[in-house]
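**Student:** protein.txt is the file, holding compact mmCIF, C-alpha atoms and all ligand atoms:
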# COMPACT_ATOMS: atom_id res chain seq x y z
CA MET E 1 -25.01 13.19 0.05
CA THR E 2 -21.78 12.64 -1.76
CA ASN E 3 -19.93 9.44 -1.12
CA LYS E 4 -16.81 9.38 0.98
CA ARG E 5 -13.74 9.25 -1.27
CA VAL E 6 -11.22 6.80 0.10
CA LEU E 7 -7.92 6.64 -1.73
CA THR E 8 -4.82 4.58 -1.38
CA GLY E 9 -1.79 3.77 -3.48
CA ILE E 10 0.56 0.86 -3.50
CA THR E 11 4.11 1.31 -4.65
CA THR E 12 4.75 -1.23 -7.36
CA THR E 13 8.01 -2.70 -6.19
CA GLY E 14 8.69 -6.24 -5.12
CA THR E 15 6.50 -9.29 -5.14
CA PRO E 16 3.47 -9.03 -2.89
CA HIS E 17 3.70 -10.91 0.38
CA LEU E 18 1.34 -11.91 3.15
CA GLY E 19 2.08 -8.71 5.05
CA ASN E 20 0.94 -6.58 2.09
CA TYR E 21 -2.17 -8.69 1.80
CA VAL E 22 -3.18 -8.47 5.45
CA GLY E 23 -2.01 -4.90 6.02
CA ALA E 24 -3.08 -3.23 2.80
CA ILE E 25 -4.74 -5.23 0.06
CA ARG E 26 -7.42 -7.07 2.01
CA PRO E 27 -8.59 -4.09 4.10
CA ALA E 28 -8.61 -1.83 1.05
CA VAL E 29 -10.60 -4.33 -0.98
CA ASN E 30 -13.09 -4.76 1.86
CA ALA E 31 -13.42 -1.01 2.31
CA SER E 32 -13.99 -0.57 -1.41
CA ASN E 33 -17.11 -2.69 -1.14
CA GLU E 34 -18.68 -0.63 1.63
CA PRO E 35 -21.78 1.38 0.80
CA GLY E 36 -21.30 5.13 0.68
CA VAL E 37 -17.66 4.81 -0.32
CA ASP E 38 -15.98 5.71 -3.59
CA ALA E 39 -12.72 3.82 -3.51
CA TYR E 40 -9.66 4.93 -5.43
CA LEU E 41 -6.98 2.28 -5.53
CA PHE E 42 -3.99 2.82 -7.69
CA LEU E 43 -0.62 1.46 -8.66
CA ALA E 44 1.95 4.03 -7.61
CA ASP E 45 4.35 3.25 -10.42
CA TYR E 46 5.99 6.67 -10.39
CA HIS E 47 6.81 6.04 -6.76
CA ALA E 48 8.35 2.73 -7.83
CA LEU E 49 10.90 4.64 -9.93
CA ILE E 50 12.23 6.24 -6.76
CA LYS E 51 13.29 2.87 -5.41
CA CYS E 52 13.95 0.76 -8.47
CA HIS E 53 16.04 1.54 -11.54
CA GLU E 54 15.68 -1.86 -13.19
CA PRO E 55 13.20 -1.41 -16.07
CA ALA E 56 12.34 -5.12 -16.34
CA GLN E 57 11.70 -5.32 -12.62
CA VAL E 58 9.63 -2.12 -12.62
CA ALA E 59 7.40 -3.58 -15.34
CA GLN E 60 7.12 -7.04 -13.78
CA SER E 61 6.27 -5.81 -10.27
CA SER E 62 3.63 -3.50 -11.64
CA LEU E 63 1.85 -6.36 -13.41
CA GLU E 64 2.18 -8.70 -10.44
CA ILE E 65 0.74 -6.16 -8.06
CA ALA E 66 -2.13 -5.27 -10.39
CA ALA E 67 -2.96 -8.96 -10.76
CA CYS E 68 -2.74 -9.41 -7.00
CA TRP E 69 -5.28 -6.73 -6.24
CA LEU E 70 -7.69 -8.01 -8.84
CA ALA E 71 -7.24 -11.59 -7.65
CA SER E 72 -7.82 -10.48 -4.07
CA GLY E 73 -11.35 -9.47 -4.92
CA LEU E 74 -11.05 -5.89 -6.03
CA ASN E 75 -14.02 -5.12 -8.24
CA PRO E 76 -12.85 -2.66 -10.90
CA GLU E 77 -16.44 -1.89 -11.89
CA ARG E 78 -17.09 -0.52 -8.45
CA ALA E 79 -13.73 0.78 -7.28
CA HIS E 80 -11.58 3.11 -9.33
CA PHE E 81 -8.57 1.00 -10.13
CA TYR E 82 -5.86 2.69 -12.13
CA ARG E 83 -2.20 3.27 -12.68
CA GLN E 84 -0.73 6.55 -11.43
CA SER E 85 1.24 7.05 -14.65
CA ASP E 86 -1.95 6.78 -16.75
CA ILE E 87 -3.29 9.95 -15.13
CA PRO E 88 -0.99 12.71 -16.46
CA GLU E 89 -2.74 15.29 -14.28
CA VAL E 90 -1.04 13.71 -11.26
CA THR E 91 2.43 14.78 -12.34
CA GLU E 92 1.19 18.13 -13.62
CA LEU E 93 -0.33 18.82 -10.24
CA ALA E 94 2.82 17.56 -8.53
CA TRP E 95 4.86 20.26 -10.23
CA ILE E 96 2.51 23.02 -9.22
CA LEU E 97 2.52 21.72 -5.66
CA ASN E 98 6.32 21.52 -5.75
CA CYS E 99 6.34 25.24 -6.39
CA ASN E 100 4.36 25.81 -3.23
CA ALA E 101 5.50 23.12 -0.82
CA ALA E 102 8.14 24.28 1.63
CA LYS E 103 11.54 22.66 1.30
CA GLY E 104 11.80 22.72 5.08
CA LEU E 105 8.74 20.50 5.26
CA MET E 106 10.37 17.96 2.95
CA ASN E 107 13.56 18.00 5.01
CA ARG E 108 11.53 16.45 7.80
CA ALA E 109 10.17 13.52 5.80
CA HIS E 110 11.11 10.20 7.40
CA ALA E 111 12.17 8.41 4.21
CA TYR E 112 14.52 11.21 3.25
CA LYS E 113 15.87 11.65 6.77
CA ALA E 114 16.55 7.94 7.04
CA ALA E 115 18.58 8.05 3.83
CA VAL E 116 20.63 11.00 5.09
CA GLN E 117 21.21 9.29 8.40
CA ALA E 118 22.37 6.12 6.69
CA ASN E 119 24.88 8.21 4.73
CA ASP E 120 26.06 9.87 7.92
CA GLU E 121 26.59 6.55 9.59
CA SER E 122 28.58 5.14 6.72
CA GLY E 123 30.68 8.29 6.42
CA GLU E 124 29.30 9.19 2.98
CA ASP E 125 28.37 12.61 1.74
CA PRO E 126 24.89 13.35 3.17
CA ASP E 127 23.44 13.57 -0.36
CA PHE E 128 24.97 10.31 -1.55
CA GLY E 129 22.48 8.32 -3.63
CA ILE E 130 19.63 10.68 -2.83
CA THR E 131 17.60 11.68 -5.87
CA MET E 132 15.19 14.57 -6.22
CA GLY E 133 12.55 11.87 -6.58
CA LEU E 134 13.18 10.64 -3.06
CA PHE E 135 13.34 14.17 -1.71
CA SER E 136 10.06 15.29 -3.22
CA TYR E 137 8.29 11.94 -2.86
CA PRO E 138 5.77 13.43 -0.38
CA VAL E 139 4.78 16.07 -2.95
CA LEU E 140 4.01 13.41 -5.56
CA MET E 141 2.04 11.56 -2.94
CA ALA E 142 0.16 14.75 -2.10
CA ALA E 143 -0.71 15.11 -5.78
CA ASP E 144 -2.03 11.52 -5.83
CA ILE E 145 -4.33 12.31 -2.95
CA LEU E 146 -5.37 15.83 -3.88
CA ILE E 147 -6.05 15.24 -7.56
CA PHE E 148 -9.18 13.32 -6.55
CA ASN E 149 -9.86 15.34 -3.41
CA ALA E 150 -9.81 12.23 -1.24
CA HIS E 151 -11.40 12.50 2.19
CA GLU E 152 -9.64 9.54 3.72
CA VAL E 153 -6.34 7.83 3.03
CA PRO E 154 -5.91 4.43 4.65
CA VAL E 155 -2.19 3.86 5.21
CA GLY E 156 0.30 2.08 7.38
CA ARG E 157 1.80 3.99 10.29
CA ASP E 158 4.95 4.79 8.32
CA GLN E 159 2.87 6.80 5.86
CA ILE E 160 0.87 8.96 8.29
CA GLN E 161 3.44 11.71 8.09
CA HIS E 162 3.14 11.84 4.31
CA VAL E 163 -0.63 12.20 4.46
CA GLU E 164 -0.23 14.98 7.00
CA MET E 165 2.16 16.68 4.62
CA ALA E 166 -0.44 16.38 1.87
CA ARG E 167 -2.92 18.03 4.19
CA ASP E 168 -0.44 20.77 4.96
CA ILE E 169 0.27 21.38 1.30
CA ALA E 170 -3.46 21.47 0.51
CA GLN E 171 -4.17 23.90 3.30
CA ARG E 172 -1.43 26.20 2.17
CA PHE E 173 -2.66 26.12 -1.40
CA ASN E 174 -6.26 26.81 -0.38
CA HIS E 175 -5.09 29.71 1.73
CA ASN E 176 -2.80 31.24 -0.88
CA PHE E 177 -4.88 30.72 -4.01
CA ALA E 178 -8.37 29.29 -3.87
CA GLU E 179 -10.34 26.72 -1.95
CA VAL E 180 -9.66 23.90 -4.37
CA PHE E 181 -8.63 21.02 -2.18
CA THR E 182 -10.36 18.82 0.33
CA LEU E 183 -8.14 18.31 3.37
CA PRO E 184 -7.33 14.60 3.51
CA LYS E 185 -7.12 12.56 6.65
CA ALA E 186 -4.94 9.51 7.26
CA VAL E 187 -6.75 6.51 8.64
CA VAL E 188 -4.85 3.69 10.24
CA GLY E 189 -6.95 0.57 10.66
CA GLU E 190 -7.26 -0.22 14.36
CA HIS E 191 -7.34 -3.94 13.86
CA VAL E 192 -5.13 -4.12 10.84
CA ALA E 193 -2.16 -6.14 11.88
CA VAL E 194 1.36 -5.25 10.92
CA LEU E 195 2.25 -8.81 10.17
CA ARG E 196 5.47 -10.23 11.51
CA GLY E 197 7.76 -12.14 9.21
CA LEU E 198 9.70 -15.39 9.44
CA ASP E 199 12.24 -13.94 11.89
CA GLY E 200 9.63 -12.21 14.06
CA ARG E 201 10.41 -8.71 12.82
CA LYS E 202 7.89 -6.78 10.74
CA MET E 203 7.31 -8.67 7.49
CA SER E 204 9.16 -6.63 4.93
CA LYS E 205 10.99 -7.20 1.71
CA SER E 206 13.94 -5.26 3.10
CA TYR E 207 14.38 -7.82 5.89
CA GLY E 208 14.07 -10.79 3.53
CA ASN E 209 11.61 -12.41 5.93
CA THR E 210 8.48 -12.47 3.82
CA ILE E 211 5.95 -15.14 2.92
CA PRO E 212 5.06 -14.69 -0.77
CA LEU E 213 1.34 -14.19 -1.31
CA PHE E 214 0.72 -16.34 -4.35
CA GLY E 215 3.45 -18.92 -4.31
CA THR E 216 2.51 -22.57 -4.76
CA PRO E 217 0.87 -24.31 -1.79
CA LYS E 218 4.15 -26.13 -1.28
CA GLN E 219 6.08 -22.86 -1.08
CA LEU E 220 3.53 -21.51 1.35
CA GLN E 221 3.90 -24.55 3.54
CA LYS E 222 7.69 -24.32 3.40
CA SER E 223 7.63 -20.65 4.36
CA ILE E 224 5.31 -21.29 7.27
CA ASN E 225 7.57 -24.07 8.48
CA LYS E 226 10.41 -21.56 8.57
CA ILE E 227 8.65 -19.18 10.97
CA LYS E 228 10.90 -18.80 13.99
CA THR E 229 9.55 -20.33 17.19
CA ASN E 230 11.03 -21.08 20.59
CA LEU E 231 12.14 -24.47 21.89
CA LEU E 232 9.03 -25.29 23.91
CA GLU E 233 7.89 -28.88 23.42
CA PRO E 234 4.35 -30.07 22.70
CA GLY E 235 2.42 -30.04 25.95
CA GLU E 236 4.26 -26.99 27.29
CA PRO E 237 2.09 -23.84 27.45
CA LYS E 238 2.98 -21.21 24.85
CA ASP E 239 2.34 -17.49 24.89
CA PRO E 240 0.17 -16.67 21.87
CA ASP E 241 0.95 -12.97 22.14
CA GLU E 242 4.66 -13.62 21.72
CA SER E 243 4.20 -15.88 18.73
CA THR E 244 4.42 -15.01 15.04
CA VAL E 245 2.53 -18.22 14.25
CA PHE E 246 -0.37 -17.05 16.38
CA GLN E 247 -0.20 -13.52 15.05
CA ILE E 248 -0.56 -14.69 11.46
CA TRP E 249 -3.27 -17.11 12.56
CA ALA E 250 -5.19 -14.24 14.13
CA ALA E 251 -4.96 -12.27 10.89
CA PHE E 252 -6.75 -15.03 8.98
CA ALA E 253 -9.07 -16.61 11.55
CA GLY E 254 -12.55 -15.53 12.54
CA ASP E 255 -13.19 -14.61 16.18
CA SER E 256 -14.09 -18.07 17.43
CA GLU E 257 -11.21 -19.81 15.65
CA ARG E 258 -8.83 -17.19 16.99
CA GLU E 259 -9.94 -17.82 20.56
CA ARG E 260 -9.84 -21.57 20.04
CA MET E 261 -6.19 -21.35 18.91
CA ARG E 262 -5.36 -19.02 21.77
CA ALA E 263 -6.66 -21.68 24.17
CA ASP E 264 -4.71 -24.38 22.29
CA PHE E 265 -1.51 -22.35 22.73
CA VAL E 266 -2.07 -22.07 26.43
CA ALA E 267 -2.86 -25.80 26.54
CA GLY E 268 0.47 -26.50 24.81
CA ILE E 269 -0.21 -27.22 21.14
CA GLY E 270 3.03 -28.35 19.43
CA TRP E 271 4.69 -25.98 16.95
CA GLY E 272 4.41 -28.53 14.16
CA GLU E 273 0.68 -28.89 14.66
CA ALA E 274 0.10 -25.15 15.00
CA LYS E 275 2.00 -24.55 11.76
CA LYS E 276 0.10 -27.27 9.96
CA GLN E 277 -3.19 -25.68 10.95
CA LEU E 278 -1.87 -22.24 10.02
CA PHE E 279 -0.96 -23.47 6.55
CA GLU E 280 -4.42 -24.95 6.05
CA LEU E 281 -6.16 -21.79 7.18
CA VAL E 282 -4.09 -19.42 5.06
CA ASN E 283 -4.18 -21.71 2.05
CA GLU E 284 -7.94 -22.00 2.25
CA GLU E 285 -8.31 -18.24 1.96
CA LEU E 286 -5.70 -17.90 -0.79
CA ALA E 287 -6.46 -20.91 -2.99
CA GLY E 288 -9.23 -19.24 -5.01
CA PRO E 289 -7.43 -15.92 -5.44
CA ARG E 290 -4.23 -17.78 -6.37
CA GLU E 291 -6.00 -19.35 -9.34
CA VAL E 292 -7.31 -16.00 -10.52
CA TYR E 293 -3.85 -14.51 -10.03
CA LEU E 294 -2.19 -17.13 -12.21
CA GLU E 295 -4.84 -16.65 -14.90
CA LEU E 296 -4.28 -12.90 -14.94
CA MET E 297 -0.51 -13.28 -15.08
CA ASP E 298 -1.07 -15.39 -18.17
CA ASN E 299 -3.31 -12.70 -19.65
CA PRO E 300 -1.63 -9.32 -19.17
CA LYS E 301 -3.93 -7.87 -21.81
CA ARG E 302 -6.90 -8.37 -19.52
CA VAL E 303 -5.17 -6.51 -16.74
CA GLU E 304 -4.17 -3.77 -19.17
CA ASP E 305 -7.73 -3.34 -20.43
CA ILE E 306 -9.04 -3.05 -16.89
CA LEU E 307 -6.47 -0.38 -16.03
CA GLN E 308 -7.09 1.57 -19.21
CA ALA E 309 -10.83 1.58 -18.53
CA GLY E 310 -10.10 2.70 -14.98
CA ALA E 311 -8.00 5.66 -16.09
CA GLU E 312 -10.43 6.64 -18.82
CA ARG E 313 -13.29 6.78 -16.37
CA LEU E 314 -11.29 9.09 -14.07
CA ARG E 315 -9.68 11.50 -16.49
CA PRO E 316 -12.68 13.86 -16.66
CA GLN E 317 -12.42 14.25 -12.89
CA SER E 318 -8.66 14.79 -12.79
CA SER E 319 -8.75 17.19 -15.76
CA ALA E 320 -11.49 19.26 -14.18
CA LEU E 321 -9.56 19.57 -10.95
CA LEU E 322 -6.34 20.44 -12.71
CA GLU E 323 -8.19 23.13 -14.68
CA GLN E 324 -9.24 24.72 -11.40
CA VAL E 325 -5.68 24.54 -10.09
CA ARG E 326 -4.19 26.04 -13.23
CA ASP E 327 -6.66 28.86 -13.11
CA ALA E 328 -6.02 29.45 -9.42
CA VAL E 329 -2.27 29.85 -9.93
CA GLY E 330 -2.68 31.98 -13.06
CA LEU E 331 -1.95 29.52 -15.84
CA ARG E 332 -4.74 30.73 -18.06
CA ARG E 333 -5.55 31.05 -21.73
CA TYR E 334 -5.14 34.66 -22.86
CA ALA E 335 -8.43 34.74 -24.64
N1 LIG E 401 4.01 5.95 -0.60
C1 LIG E 401 3.04 4.94 -0.32
C2 LIG E 401 3.75 3.69 0.21
O1 LIG E 401 4.90 3.49 -0.07
C3 LIG E 401 2.26 4.58 -1.56
C4 LIG E 401 1.50 5.74 -2.05
C5 LIG E 401 1.81 6.55 -3.09
C6 LIG E 401 0.30 6.25 -1.49
N2 LIG E 401 0.89 7.51 -3.24
C7 LIG E 401 -0.06 7.36 -2.26
C8 LIG E 401 -0.49 5.85 -0.41
C9 LIG E 401 -1.19 8.11 -1.99
C10 LIG E 401 -1.63 6.60 -0.12
C11 LIG E 401 -1.96 7.71 -0.91
O2 LIG E 401 3.14 2.91 0.89
Can the structure in the file be given as structure tokens, please?
Ligand code: TRP
**Tutor:**
Amino acid sequence: MTNKRVLTGITTTGTPHLGNYVGAIRPAVNASNEPGVDAYLFLADYHALIKCHEPAQVAQSSLEIAACWLASGLNPERAHFYRQSDIPEVTELAWILNCNAAKGLMNRAHAYKAAVQANDESGEDPDFGITMGLFSYPVLMAADILIFNAHEVPVGRDQIQHVEMARDIAQRFNHNFAEVFTLPKAVVGEHVAVLRGLDGRKMSKSYGNTIPLFGTPKQLQKSINKIKTNLLEPGEPKDPDESTVFQIWAAFAGDSERERMRADFVAGIGWGEAKKQLFELVNEELAGPREVYLELMDNPKRVEDILQAGAERLRPQSSALLEQVRDAVGLRRYA
């Protein structure tokens, strides 16, 4: 039996935070070690260009994120770990898919619609600041997924729509030309927490409420101390399900430790004590990876070599698929 191909991309913008780790990196790394799975994990650096037009920042984020994944236990011998822009077949496929994807479908994409709505609200022209990159972002994402005929695409809820669009695009292509593509399925981890940030909203760079993943222990402690709590005193019962401190705890603790802390909340653990324990728990998990991360950041050549090897190993697969696609649409040698 062939292995299940599980593919996911991470847009290389920003500095990775705890929410990325819990919501994306850690589950993807764990899944990549499962038997029967061929994992494809890649740096979506072309997607980064949609959001960021600062070359130095584009380059820096890409390296940081690559180092983060490797430091978080990704085994590049086992998983396919590569950079989107090192696989030229991705963009070649994206063009061909662009010629077949319906514009009406793209009009419905959340990211694009949100940008139009923001323009509406601020009285701008609806197209203000909207690039073709943003508009056709789901087509590029479809190419990422379809070039390796992924079966499953683990994503956050905000990305389900894009995976469904990829499926739609694939189906249409198979119907119109030839059965080339596997129809991908989005999978949203049941137990994967969408981590809340310092202010209690979803942890996200755009809210400025993140806890950096590989800051110094001191920075980690400082961030944790900033997590918003209520005014309940030690000894007063606290609702774990309302608390960001507990939510982050639950994302790092095993079952028994999670239940123990739940009971401590109900028994009235003080916020200071709960945060102290949270820092220790999170730091214990991150201390080892943090060291590896810092080493890799000091040795970009090592990261580069790993990514080059990753792309090289995959090119035969992406070229073969693109050959089939070219043939299917009629881009053929004359003789
Ligand atoms: N757009 C995704 C995000 O912002 C990242 C991404 C790019 C992706 N290509 C992908 C995810 C392909 C899954 C599959 O989170």
**Student:** At a cut-off of 10 Å around ligand LIG 401 (chain E), and using only C-alpha atoms and all ligand atoms, what residues come up? Please write them as a count of residues only.
**Tutor:** 47
**Student:** Atom CA of E:His110 and atom CA of E:Val325, how far apart in Å?
**Tutor:** 28.2 Å
**Student:** Could you tell me which of E:Asn283, E:Thr131, E:Asn299, E:Asn174 comes closest to E:Cys52 if we count only C-alpha atoms?
**Tutor:**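 Under the stated criterion, the closest residue is E:Thr131.
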**Student:** Quick one: residues within 12 Å of stretch 248-260 of chain E, all atoms listed in the file, excluding same-chain residues fewer than 6 positions away - as a PyMOL selection string?
**Tutor:** chain E and resi 18-19+21-23+26-27+191-198+200+202-203+211+224+227+240-242+266-267+269+274-286
**Student:** Return the single residue from E:Pro35, E:Pro300, E:Gly208, E:Gly268 that is closest to E:His17, with distances computed using only C-alpha atoms.
**Tutor:**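 Of all the options, E:Gly208 lies closest to E:His17.
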**Student:** What is the atom CA of E:Leu105 to atom CA of E:Asp168 distance in Å?
**Tutor:**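 So the two atoms, atom CA of E:Leu105 and atom CA of E:Asp168, lie 9.2 Å apart.
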**Student:** Got a sec: who's within 9 Å of E:Ala115, counting all atoms listed in the file, leaving out chain neighbours fewer than 3 positions off, as a PyMOL selection string?
**Tutor:** chain E and resi 110-112+118-120+126-130
**Student:** Rounded to one decimal place, report the atom CA of E:Val329-atom CA of E:Ala178 distance in Å.
**Tutor:** 8.6 Å
**Student:** Which residue is closest to E:Glu291? Choose from E:Gln171, E:Tyr207, E:Lys103, E:Gly215 and count only C-alpha atoms.
**Tutor:** E:Gly215
**Student:** If we count all atoms listed in the file and set the cut-off at 8 Å, which residues sit around stretch 315-324 of chain E, ignoring sequence neighbours fewer than 4 positions away in its own chain? Please answer as a ChimeraX atom specification.
**Tutor:** /E:87,89-90,92-93,147-148,180,311,328
**Student:** E:Thr15, E:Gln57, E:Ala170, E:Leu183: which is nearest E:Phe214, counting only C-alpha atoms?
**Tutor:**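 Checking each of E:Thr15, E:Gln57, E:Ala170, E:Leu183 against E:Phe214, counting only C-alpha atoms, the winner is E:Thr15.
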**Student:** For E:Lys205, which residue out of E:Lys185, E:Gln247, E:His80, E:Gly14 is the nearest one, using all atoms listed in the file?
**Tutor:**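 Of all the options, E:Gly14 lies closest to E:Lys205.
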**Student:** So which one's closest to E:Phe246, E:Ala263, E:Val187, E:Leu307, E:Met106? Using all atoms listed in the file, please.
**Tutor:**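 The shortest atom-to-atom distance to E:Phe246 comes from E:Ala263.
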